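As structure tokens, the structure follows; a few thoughts come after it.
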There are 2 protein chains.
Amino acid sequence: MVEGMARDEERAPSRSVLDLTERQRIVLRAVVEDYVLNAIPVGSQALVERYGLPVSSATVRSAMAELEALGLLSHPHTSAGRVPSDLGYRTYVESLMRESALDRADQLMIRHQFSQVQLTSNEWLRLAASILATSTRSAAVVTPARARRARFGHLQLVELADRARLAVLVFGDGNVVQRRLHRTSLEKATPGEPAGQAELDTAAATLNRELAGLSAPQVRRKLGKLTPLAAHVAEVVAQMLEESDAVAVEEVFTDGIVNVLEQPEFAGGAKLRGVLEVLQRSDFLEQLVPVLSRRGGVTVIIGHENVNDAMHEVSLVFAPYGTEDSALGLLGVLGPTRMPYPRAIPTVRYLSTLMNELITNHPTENHD
Amino acid sequence: MVEGMARDEERAPSRSVLDLTERQRIVLRAVVEDYVLNAIPVGSQALVERYGLPVSSATVRSAMAELEALGLLSHPHTSAGRVPSDLGYRTYVESLMRESALDRADQLMIRHQFSQVQLTSNEWLRLAASILATSTRSAAVVTPARARRARFGHLQLVELADRARLAVLVFGDGNVVQRRLHRTSLEKATPGEPAGQAELDTAAATLNRELAGLSAPQVRRKLGKLTPLAAHVAEVVAQMLEESDAVAVEEVFTDGIVNVLEQPEFAGGAKLRGVLEVLQRSDFLEQLVPVLSRRGGVTVIIGHENVNDAMHEVSLVFAPYGTEDSALGLLGVLGPTRMPYPRAIPTVRYLSTLMNELITNHPTENHD
DNA sequence: CATTGGCACTCTCGTTGTTAGAGTGCTAAC
DNA sequence: GTTAGCACTCTAACAACGAGAGTGCCAATG
């Protein structure tokens, strides 16, 4: 199920790409770039004019016909211009695109935004999504960096005003969640003894020693060996770990969906509904994680290359961030196949390395 | 600036509403309900057929003409049916609508979803937005409940594996944020003495005693009276309080934007762009808070009643939740003025009381 | 022999004209 | 006060049509 997430795009074009003549390459590149820009099928005449090709339109026409035979271009109807096919985009991305690193200016601008405010980790994700969206004028998707399996890091029981306790659990990957422990449930767990501050502190210390580095099922296996009070708290800890495993996919930050909606190909809005549903509800992104982390770097999935039917008219440009063995997250953009790849790819790449830096340098650090 | 957020809708219709004849009331109600349902201007003929009116279409026509003279209906063009004006919707909402409490079944269904999973508070908001969106088929907006001004509740310094400290701050309203304190910055604050666990615990205890209930500026005023170490931590606390004041508006949960996009009046998508921008970036919701909390209950803002130009073609149905003196949040739906008010209003009302219950009963409580 | 100008052909798109139908407003009759 | 009838208006849908863009092919050309 993980394989097949994206069809293996290295194989198919390997023949055609290398066999292209220089002229075909130039024409294909021009067609893609013009169509990405204007969203209208591009004809031979317009091409020679706009790109100053040193040949006549007739020559371009024959080159286009060849490219169409190779399956790189297609024809909406007889007398319309050409449009790149998914394979055409693929070829473009793979070997025709003039990709450069992100402008120094853009890099600084992005860095500046991150340093501007003291942010919590969720706000980083939000900001990353916002930057991606505005910078590429596509929809952006960012998932939090989480360990594939949450592990116990450190537990602290915080006293609240109303004598309830707040359990603050730091995961092995540095994420933090909290949950309130109501007084009644504590008392129920240890009938008789009233469970004072001292007992709780002792229990917390025990758990920090016993549970270090354990995952949810491992914690559960320890339950029997603990005092009733500690076991009760450990049970809650196990629940928190399990939930973190489960909800990882829930917390997805998106931004800039309107950008895509304004694209002529999605004017109706109906087409995007399916895409958004897949994005939000299913395990779509989760399936993507192993694919991306296996390759590392930026992965581009174009139109029908995506096995999910709803995604056949959009492209994804995604990258993992974080380290495979600790926290791992996903970020990228979603747009029409007619996407400005030369802009999107460096932006996603840069943001992924930046997020990498941030989480490795202990992100929530306070540096005043 | 706060007044004028929504024009005072009690004044304008007070004359006309009461002066309506019974027939005019019936016709207006039918027009609104039919138009809400079908989104096409409704004619006199269709009206008598579909609603079994005991009069002829000619009579309905004259009633419609009267309603148009009163400004409650309008005419897209000469030979089209009638469409309710903003004032027409207002009159409908105010005195024509047959509003009932939410179905018992719906109530249970909603409650069930909330009890289903152990949720963190942010996930409640997400769930609330999701329920609102699907239940009203509009866009839903939910803001977290926050005190207007964050106050110190309780501070705990949690030890991390790498000898850094995590400052966990519980606000007066029960919200929790955390920030990492890097070892270097702690040492810089207290040159010479190495600031061990004991010193930190003492400092935390002092701060918990001295800062209880204080807001950010009040904390700052205390800085001079503290030991260097405690002052350094207190400074961080002050920052955390200030940020909480500032970012309240940032964390807005929305859901179901596609629902609105599918409405024929927003087919283009371009119209909604302005609306979404206002919703996300500006202090729009913040301005709404005092208005809503002043009235309590559900507030309906229809089309041009909203002073914000971008919002002239949408209606809001919003309610506050929480208590005014502690945590206060907002939730509601946004849709075309052609909105199913009789559905939206009870749903928003019910969800607001439900969220009220949840945060008053110490929401994150663990009840196993 | 690759390139190009020329040309016939095709298809879309915007314009125009026409018509059917829905809806109104008015008036005269009940 | 209500209603049937009727003339009038406006839109939506459709067909006809020409302009324009683009193609594919072929013969001429360097």
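Letters A, B, ... mark the chains of the structure tokens in the order given; residue numbers begin at 1 per chain; ligand numbers begin at 1, in order shown.
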Find the residues near region 210-220 of chain B: any atom within 8 Å, counting only C-alpha atoms (C1' of nucleotides), skip ones fewer than 4 places away on the same chain, and give them as JSON, numbers by chain.
{"B": [149, 150, 151, 152, 153, 154, 172, 206, 234, 235, 237, 238, 239, 241, 242]}
LSQ fit chain A -> chain B, all C-alpha atoms paired sequentially, RMSD 0.2 Å
What are the nearest atom pairs, with distances in Å to one decimal, for all residues of chain A that come at most 7 Å from chain D, using only C-alpha atoms (C1' of nucleotides), set out by chain and rising residue number as JSON lines?
{"residue": "A:Gly43", "atom": "CA", "partner": "D:DG22", "partner_atom": "C1'", "distance": 6.4}
{"residue": "A:Thr78", "atom": "CA", "partner": "D:DT23", "partner_atom": "C1'", "distance": 6.8}
{"residue": "A:Ser79", "atom": "CA", "partner": "D:DG22", "partner_atom": "C1'", "distance": 4.7}
{"residue": "A:Ala80", "atom": "CA", "partner": "D:DG22", "partner_atom": "C1'", "distance": 5.6}
{"residue": "A:Gly81", "atom": "CA", "partner": "D:DG22", "partner_atom": "C1'", "distance": 6.4}
Could you tell me which of A:Asn208, A:Gln45, A:Gln113, A:Thr59 comes closest to chain C if we count only C-alpha atoms (C1' of nucleotides)?
A:Thr59
Distance cut-off 12 Å, counting only C-alpha atoms (C1' of nucleotides) - which residues of chain A neighbour chain C? Return them as number ranges by chain.
A: 54-63, 75-81
Selected residues written out with C-alpha atoms, as an mmCIF file, in the first residue's frame:
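Resulting contents of out.cif:
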data_model
loop_
_atom_site.group_PDB
_atom_site.id
_atom_site.type_symbol
_atom_site.label_atom_id
_atom_site.label_comp_id
_atom_site.auth_asym_id
_atom_site.auth_seq_id
_atom_site.Cartn_x
_atom_site.Cartn_y
_atom_site.Cartn_z
ATOM 1 C CA PRO A 54 14.939 31.120 -34.396
ATOM 2 C CA VAL A 55 12.646 28.942 -36.451
ATOM 3 C CA SER A 56 9.305 29.334 -38.121
ATOM 4 C CA SER A 57 5.966 28.324 -36.697
ATOM 5 C CA ALA A 58 5.766 25.437 -39.106
ATOM 6 C CA THR A 59 8.911 23.931 -37.664
ATOM 7 C CA VAL A 60 7.574 24.349 -34.197
ATOM 8 C CA ARG A 61 4.375 22.683 -35.316
ATOM 9 C CA SER A 62 6.219 19.608 -36.457
ATOM 10 C CA ALA A 63 8.199 19.503 -33.234
ATOM 11 C CA HIS A 75 -4.520 18.537 -27.814
ATOM 12 C CA PRO A 76 -7.779 19.713 -26.267
ATOM 13 C CA HIS A 77 -9.303 19.687 -29.764
ATOM 14 C CA THR A 78 -8.198 19.951 -33.363
ATOM 15 C CA SER A 79 -7.680 23.639 -33.697
ATOM 16 C CA ALA A 80 -6.503 24.531 -30.260
ATOM 17 C CA GLY A 81 -2.943 24.928 -29.058
#
Write out as a PyMOL selection string each polymer residue whose atoms come within 7 Å of Leu169 (chain B), counting only C-alpha atoms (C1' of nucleotides); drop sequence neighbours fewer than 3 positions from it.
chain B and resi 154-156+176-178
As number ranges by chain, please: every residue in region 121-278 of chain A that DSSP puts in strand (DSSP E or B).
A: 139-142, 146-147, 151-159, 165-171, 176-181, 215, 253-255
Selection file, N, CA and C atoms, as a compact mmCIF listing (two decimals), in the first residue's frame:
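Wrote it out as again-v7.txt, contents follow:
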# COMPACT_ATOMS: atom_id res chain seq x y z
N ALA A 139 -2.06 25.97 -2.50
CA ALA A 139 -2.47 25.56 -1.17
C ALA A 139 -1.29 24.89 -0.49
N ALA A 140 -1.10 25.20 0.77
CA ALA A 140 0.03 24.63 1.51
C ALA A 140 -0.48 23.67 2.57
N VAL A 141 0.30 22.65 2.82
CA VAL A 141 -0.06 21.67 3.83
C VAL A 141 1.18 21.41 4.69
N VAL A 142 1.01 21.50 5.99
CA VAL A 142 2.12 21.23 6.89
C VAL A 142 1.63 20.35 8.03
N ARG A 146 6.38 14.58 14.30
CA ARG A 146 6.14 13.68 15.41
C ARG A 146 6.93 12.41 15.19
N ALA A 147 7.28 11.82 16.32
CA ALA A 147 7.88 10.51 16.21
C ALA A 147 6.79 9.58 15.69
N ARG A 151 6.98 8.35 22.49
CA ARG A 151 7.68 7.73 23.60
C ARG A 151 7.69 8.65 24.81
N PHE A 152 7.70 8.00 25.96
CA PHE A 152 7.71 8.75 27.21
C PHE A 152 9.03 9.52 27.34
N GLY A 153 8.92 10.79 27.70
CA GLY A 153 10.13 11.57 27.92
C GLY A 153 10.23 11.96 29.39
N HIS A 154 9.28 12.78 29.81
CA HIS A 154 9.32 13.25 31.17
C HIS A 154 7.90 13.63 31.59
N LEU A 155 7.58 13.30 32.83
CA LEU A 155 6.25 13.62 33.34
C LEU A 155 6.35 14.57 34.51
N GLN A 156 5.46 15.53 34.55
CA GLN A 156 5.42 16.42 35.70
C GLN A 156 3.96 16.59 36.11
N LEU A 157 3.72 16.54 37.40
CA LEU A 157 2.36 16.80 37.87
C LEU A 157 2.31 18.20 38.45
N VAL A 158 1.51 19.03 37.83
CA VAL A 158 1.44 20.42 38.23
C VAL A 158 0.20 20.63 39.07
N GLU A 159 0.38 21.36 40.14
CA GLU A 159 -0.78 21.59 41.02
C GLU A 159 -1.58 22.78 40.50
N ARG A 165 -4.96 18.13 39.50
CA ARG A 165 -3.58 18.06 39.03
C ARG A 165 -3.56 18.13 37.52
N LEU A 166 -2.53 18.75 37.02
CA LEU A 166 -2.33 18.77 35.58
C LEU A 166 -1.13 17.88 35.28
N ALA A 167 -1.37 16.86 34.47
CA ALA A 167 -0.26 16.01 34.07
C ALA A 167 0.35 16.58 32.80
N VAL A 168 1.62 16.97 32.87
CA VAL A 168 2.31 17.50 31.69
C VAL A 168 3.28 16.44 31.22
N LEU A 169 3.07 15.96 30.02
CA LEU A 169 3.91 14.89 29.51
C LEU A 169 4.76 15.40 28.37
N VAL A 170 6.07 15.29 28.54
CA VAL A 170 7.00 15.65 27.47
C VAL A 170 7.37 14.36 26.75
N PHE A 171 7.14 14.34 25.43
CA PHE A 171 7.47 13.15 24.67
C PHE A 171 8.97 13.08 24.41
N VAL A 176 4.93 18.33 23.71
CA VAL A 176 4.37 18.38 25.05
C VAL A 176 2.85 18.34 24.97
N VAL A 177 2.22 17.53 25.79
CA VAL A 177 0.76 17.60 25.92
C VAL A 177 0.43 17.62 27.41
N GLN A 178 -0.78 18.07 27.69
CA GLN A 178 -1.17 18.06 29.09
C GLN A 178 -2.58 17.53 29.25
N ARG A 179 -2.86 17.04 30.41
CA ARG A 179 -4.22 16.61 30.72
C ARG A 179 -4.49 16.83 32.18
N ARG A 180 -5.72 17.20 32.46
CA ARG A 180 -6.09 17.43 33.84
C ARG A 180 -6.44 16.11 34.51
N LEU A 181 -6.00 15.92 35.73
CA LEU A 181 -6.40 14.76 36.52
C LEU A 181 -7.36 15.26 37.58
N SER A 215 7.18 3.22 24.92
CA SER A 215 6.02 3.55 24.11
C SER A 215 4.77 3.09 24.86
N PHE A 253 -2.03 21.53 9.17
CA PHE A 253 -2.23 22.96 8.95
C PHE A 253 -2.26 23.22 7.45
N THR A 254 -3.32 23.83 7.03
CA THR A 254 -3.41 24.18 5.62
C THR A 254 -3.59 25.68 5.49
N ASP A 255 -3.21 26.17 4.36
CA ASP A 255 -3.39 27.59 4.10
C ASP A 255 -3.46 27.80 2.60
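Nearest to chain A of all the residues B:Ala267, B:Met240, B:Val289, B:Val298 is B:Ala267, counting only C-alpha atoms.
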Nearest residue to chain B from the set A:Ser315, A:Asn122, A:Thr353, A:Thr21 (distances using only C-alpha atoms)
A:Asn122
